[in-house]
Each structure stands twice: as C-alpha cells, then as structure tokens.
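Structure data (mmCIF, C-alpha atoms) from final-v8.cif:
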```cif
data_final
#
loop_
_atom_site.label_atom_id
_atom_site.label_comp_id
_atom_site.auth_asym_id
_atom_site.auth_seq_id
_atom_site.Cartn_x
_atom_site.Cartn_y
_atom_site.Cartn_z
CA MET I 1 11.48 -22.48 2.81
CA MET I 2 11.11 -21.18 -0.74
CA ASP I 3 8.07 -19.12 0.30
CA TRP I 4 10.16 -17.43 2.98
CA TRP I 5 12.78 -16.52 0.38
CA HIS I 6 10.09 -15.14 -1.95
CA LEU I 7 8.59 -13.13 0.93
CA LEU I 8 11.99 -11.68 1.80
CA VAL I 9 12.88 -10.72 -1.76
CA SER I 10 9.41 -9.43 -2.66
CA PHE I 11 8.99 -7.18 0.36
CA PHE I 12 12.62 -6.08 0.32
CA LEU I 13 12.36 -4.96 -3.32
CA ALA I 14 8.94 -3.34 -2.90
CA ASN I 15 10.20 -1.30 0.02
CA VAL I 16 13.61 -0.44 -1.41
CA PHE I 17 12.08 0.84 -4.65
CA GLY I 18 8.98 2.32 -3.01
CA TYR I 19 10.41 5.82 -2.90
CA GLY I 20 8.38 8.00 -0.57
CA GLY I 21 7.32 5.41 1.99
CA GLY I 22 4.36 3.11 2.42
CA PRO I 23 1.91 4.66 -0.05
CA SER I 24 4.40 4.56 -2.90
CA SER I 25 5.36 0.97 -2.12
CA ILE I 26 1.74 -0.23 -2.26
CA PRO I 27 1.71 -0.60 -6.07
CA LEU I 28 4.98 -2.52 -5.88
CA MET I 29 3.56 -4.77 -3.18
CA PHE I 30 0.44 -5.26 -5.27
CA GLN I 31 2.65 -6.38 -8.16
CA GLU I 32 4.48 -8.88 -5.96
CA ILE I 33 1.50 -10.13 -3.92
CA VAL I 34 -1.18 -10.33 -6.63
CA THR I 35 0.55 -10.46 -9.99
CA ASN I 36 3.87 -12.21 -9.40
CA HIS I 37 3.06 -14.71 -6.64
CA ASN I 38 -0.75 -14.98 -6.54
CA TRP I 39 -0.72 -14.87 -2.74
CA MET I 40 -3.99 -12.89 -3.00
CA ASN I 41 -6.34 -11.78 -5.72
CA SER I 42 -7.07 -8.13 -6.46
CA SER I 43 -10.22 -8.09 -4.36
CA GLU I 44 -8.48 -9.61 -1.34
CA PHE I 45 -5.66 -7.08 -1.70
CA SER I 46 -8.16 -4.19 -1.82
CA ASN I 47 -9.91 -5.47 1.29
CA MET I 48 -6.62 -5.87 3.13
CA LEU I 49 -5.54 -2.39 2.05
CA ALA I 50 -8.78 -0.84 3.28
CA LEU I 51 -8.54 -2.52 6.66
CA ALA I 52 -4.83 -1.75 6.99
CA ASN I 53 -5.59 1.93 6.32
CA ALA I 54 -8.14 1.91 9.15
CA LEU I 55 -5.60 0.62 11.67
CA PRO I 56 -2.84 2.71 13.24
CA GLY I 57 0.76 2.38 12.11
CA PRO I 58 2.71 2.29 8.86
CA ILE I 59 0.74 0.75 5.98
CA ALA I 60 3.66 -1.15 4.45
CA THR I 61 4.46 -2.87 7.74
CA LYS I 62 0.84 -3.93 8.25
CA ILE I 63 0.60 -5.32 4.72
CA GLY I 64 3.90 -7.15 5.18
CA ALA I 65 2.81 -8.64 8.47
CA TYR I 66 -0.53 -9.84 7.12
CA VAL I 67 0.82 -11.35 3.92
CA GLY I 68 3.81 -12.80 5.77
CA TYR I 69 1.48 -14.56 8.19
CA GLN I 70 -0.80 -15.85 5.41
CA VAL I 71 2.09 -17.23 3.37
CA GLY I 72 4.67 -18.25 5.97
CA GLY I 73 3.10 -18.15 9.44
CA TRP I 74 4.93 -16.37 12.24
CA PRO I 75 8.34 -16.77 10.59
CA GLY I 76 6.78 -15.13 7.52
CA VAL I 77 5.71 -12.18 9.67
CA LEU I 78 9.24 -11.71 10.98
CA ILE I 79 10.70 -11.97 7.49
CA THR I 80 8.30 -9.51 5.84
CA VAL I 81 8.43 -6.97 8.65
CA ALA I 82 12.24 -7.07 8.63
CA ALA I 83 12.28 -6.82 4.82
CA THR I 84 9.93 -3.83 5.10
CA VAL I 85 11.62 -1.94 7.92
CA VAL I 86 15.37 -2.64 7.65
CA PRO I 87 15.83 -1.15 4.14
CA SER I 88 14.10 2.04 5.28
CA ILE I 89 16.25 2.32 8.39
CA ILE I 90 19.48 1.88 6.45
CA ALA I 91 18.38 4.12 3.57
CA LEU I 92 17.18 6.83 5.94
CA ILE I 93 20.50 7.02 7.73
CA ILE I 94 22.55 7.02 4.51
CA LEU I 95 20.29 9.27 2.43
CA LEU I 96 19.66 11.88 5.08
CA ASN I 97 23.38 12.24 5.58
CA MET I 98 23.87 12.61 1.81
CA LEU I 99 20.95 15.01 1.40
CA GLN I 100 22.24 17.19 4.22
CA LYS I 101 25.68 17.24 2.65
CA TYR I 102 24.43 18.02 -0.90
CA LYS I 103 21.09 19.73 -0.22
CA GLN I 104 21.87 22.66 -2.52
CA SER I 105 22.74 20.44 -5.48
CA PRO I 106 20.37 20.80 -8.47
CA VAL I 107 20.82 17.08 -9.16
CA ILE I 108 19.52 16.15 -5.70
CA LYS I 109 16.61 18.60 -6.00
CA GLY I 110 15.79 17.23 -9.47
CA MET I 111 15.92 13.62 -8.33
CA THR I 112 13.45 14.19 -5.52
CA LEU I 113 11.04 16.21 -7.65
CA LEU I 114 11.10 14.20 -10.87
CA VAL I 115 10.34 10.83 -9.27
CA GLN I 116 6.96 12.11 -8.03
CA PRO I 117 5.11 11.63 -11.37
CA VAL I 118 6.22 7.98 -11.42
CA ILE I 119 4.81 7.47 -7.93
CA ALA I 120 1.58 9.22 -8.93
CA ILE I 121 1.09 6.89 -11.92
CA MET I 122 1.78 3.83 -9.78
CA MET I 123 -0.94 4.96 -7.34
CA VAL I 124 -3.34 5.57 -10.25
CA LEU I 125 -2.76 2.02 -11.49
CA VAL I 126 -3.57 0.50 -8.08
CA THR I 127 -6.62 2.77 -7.83
CA TRP I 128 -7.76 1.71 -11.30
CA SER I 129 -7.40 -1.95 -10.39
CA SER I 130 -9.51 -1.41 -7.25
CA LEU I 131 -12.12 0.51 -9.25
CA VAL I 132 -12.44 -2.25 -11.84
CA GLU I 133 -12.69 -4.98 -9.21
CA SER I 134 -15.19 -3.07 -7.06
CA THR I 135 -17.48 -2.11 -9.93
CA LYS I 136 -17.60 -5.75 -11.06
CA VAL I 137 -18.83 -6.79 -7.63
CA ILE I 138 -21.03 -3.89 -6.47
CA GLY I 139 -21.79 -2.04 -9.72
CA TYR I 140 -21.01 1.48 -10.90
CA LEU I 141 -23.87 3.22 -9.10
CA GLN I 142 -22.98 1.73 -5.72
CA PHE I 143 -19.26 2.31 -6.28
CA PHE I 144 -19.57 5.98 -7.23
CA GLY I 145 -22.14 6.61 -4.49
CA ILE I 146 -19.79 5.26 -1.86
CA ALA I 147 -16.84 7.10 -3.42
CA ALA I 148 -18.78 10.40 -3.41
CA ALA I 149 -19.82 9.89 0.22
CA ALA I 150 -16.22 9.09 1.20
CA PHE I 151 -14.94 12.17 -0.64
CA TYR I 152 -17.52 14.37 1.08
CA LEU I 153 -16.80 12.97 4.53
CA ILE I 154 -13.01 13.09 4.21
CA GLN I 155 -12.47 16.29 2.20
CA ILE I 156 -15.45 18.48 3.12
CA ARG I 157 -16.39 17.32 6.61
CA LYS I 158 -12.76 16.53 7.54
CA ILE I 159 -13.64 13.19 9.14
CA HIS I 160 -10.62 10.98 9.66
CA PRO I 161 -10.28 8.37 6.86
CA ALA I 162 -10.14 5.53 9.41
CA PHE I 163 -13.70 6.32 10.52
CA VAL I 164 -14.87 6.53 6.90
CA ILE I 165 -13.30 3.13 6.17
CA LEU I 166 -14.98 1.65 9.25
CA ALA I 167 -18.30 3.16 8.12
CA GLY I 168 -17.72 1.51 4.73
CA PHE I 169 -17.21 -1.85 6.43
CA VAL I 170 -20.42 -1.41 8.40
CA TYR I 171 -22.33 -0.32 5.29
CA GLY I 172 -20.98 -3.28 3.34
CA GLY I 173 -21.76 -5.69 6.15
CA ILE I 174 -25.34 -4.48 6.41
CA PHE I 175 -26.40 -3.60 2.88
CA LEU I 176 -24.13 -5.52 0.53
CA SER I 177 -24.50 -8.88 2.23
CA MET I 178 -28.25 -8.99 1.56
#
```
As structure tokens:
Amino acid sequence: MMDWWHLLVSFFLANVFGYGGGPSSIPLMFQEIVTNHNWMNSSEFSNMLALANALPGPIATKIGAYVGYQVGGWPGVLITVAATVVPSIIALIILLNMLQKYKQSPVIKGMTLLVQPVIAIMMVLVTWSSLVESTKVIGYLQFFGIAAAAFYLIQIRKIHPAFVILAGFVYGGIFLSM
C-alpha cells in the first residue's frame, strides 16, 4: 500500500514539474526512481529509457507504466499512468485558457522562455549519468564509437531514432555479450 502511495506522489510530482512534457520530466523521474526510491539503478533506468524511446507513444507514460508494474503490479500501472496523464490533462486545459487570454503579456512570454535553460540542464544531468554508467560498462572507445554512429545515422542520414535504438540493441546483443 505504501509503494502505491510513493508511486502516485513520485509520478505526480515528476509530471507536474516536468514543464515541457515527457522529455523534461525524465530527469525528475530519474530522481524519483533511481535516487529517492531505488526502484532501479542508473543502468536499468538507461536501458528502460532506450527501449521506451524505441516504442511508440509518450515516453513519460511508458516509463510510468513499466515502473508502476515493477513496483506495484497492475494496480501500480494504473496509479502511475493516472499520475502521469491526469496532471497534464488538467494543466493543459487551465494553462491553454490562461495563455490564450494573456498571450501578449511579457510575463507569460518570459516564463515560457526562461524555464528552458533549467530543462536543458536537467537533460544534461541525465545524459551525464548515462555516459558515466555506460563508459564504466563498455569503455570510452565503444561508447563514443556508438555515439558517433548514432549521431551520423540520426542527424546526417535522417534515420528514425527508433531504428537506431533497435540497431543498438542488436549490436549490444551480438557484440557486447561475447
């Protein structure tokens, strides 16, 4: 019962304060899942994040569903998905009405622009954590080789990130398990 409460509060807070949607709530979820509750370690979180990115649908909902199931079974799934989706639904309705009403206000424009550096730093911190964990396991050469290949495929060749993630899984399954 206590786990269900922790799931509700953790995912509710991560999604309420994750301004900008799923990607900006990922660092907050990381904090709750890995640091605060130890439901996963950093490596498990990175693996879950990679797989969740390869699947269709909103990232925050997929993370919530997976962690909810791991911690609280099917009731945990319902709790985390509700805690992930309901705040966004309510906030969207309220905020869009307010933004429409005050869209010319310099305060509103400033609020939406000045929160972006905070989100960027939060993403850098999650990225740094993944980099540190990955280089410990596979080494710097392997890490930067895979990162360079992913950058080339996604940015230069314009291959969808889901296919690059799947290729990474295949590569890891073949070459890193030896």
Distance table requested - range 67-148 of chain I against range 36-57 of chain I, cut-off 12 Å, all atoms listed in the file: one row per qualifying residue with the closest atom pair and its distance in Å to one decimal, ordered by chain and rising residue number, as CSV.
```
residue,atom,partner,partner_atom,distance
I:Val67,CA,I:Trp39,CA,7.7
I:Gly68,CA,I:Trp39,CA,9.9
I:Tyr69,CA,I:Trp39,CA,11.2
I:Gln70,CA,I:Trp39,CA,8.2
I:Val71,CA,I:Trp39,CA,7.1
I:Gly72,CA,I:Trp39,CA,10.8
I:Val126,CA,I:Ser46,CA,9.1
I:Thr127,CA,I:Ser46,CA,9.3
I:Trp128,CA,I:Ser42,CA,11.0
I:Ser129,CA,I:Ser42,CA,7.3
I:Ser130,CA,I:Ser46,CA,6.2
I:Leu131,CA,I:Ser46,CA,9.6
I:Val132,CA,I:Ser42,CA,9.6
I:Glu133,CA,I:Ser43,CA,6.3
I:Ser134,CA,I:Ser43,CA,7.6
I:Thr135,CA,I:Ser43,CA,10.9
I:Lys136,CA,I:Ser43,CA,10.2
I:Val137,CA,I:Ser43,CA,9.3
I:Ile138,CA,I:Ser43,CA,11.8
```
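Across the structure, CA of Leu96 in chain I and CA of Ala82 in chain I are spaced 20.7 Å apart.
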* Residue nearest Val77 in chain I - candidates I:Phe144, I:Phe151, I:Phe17, I:Phe11, atoms counted: only C-alpha atoms ->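 Under the stated criterion, the closest residue is I:Phe11.
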* Asked: Quick one: distance from CA of Ile154 in chain I to CA of Val115 in chain I in Å, one decimal?
  -> 27.1 Å
* Which residue of I:Val164, I:Val16, I:Met123, I:Ile79 approaches Ala148 in chain I most closely, using all atoms listed in the file -> I:Val164
* To do: Could you expand the PyMOL selection byres ((chain I and resi 7-10) around 8) into the explicit residues it covers here, written as a list in words?
  => Asp3, Trp4, Trp5, His6, Phe11, Phe12, Leu13, Ala14, Met29, Glu32, Gly68, Gly76, Ile79, Thr80 and Ala83 of chain I
* Kindly give the distance, in Å, that separates CA of Ile63 in chain I and CA of Ala147 in chain I, rounded to a single decimal. =>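 Pair CA of Ile63 in chain I / CA of Ala147 in chain I returns 22.9 Å.
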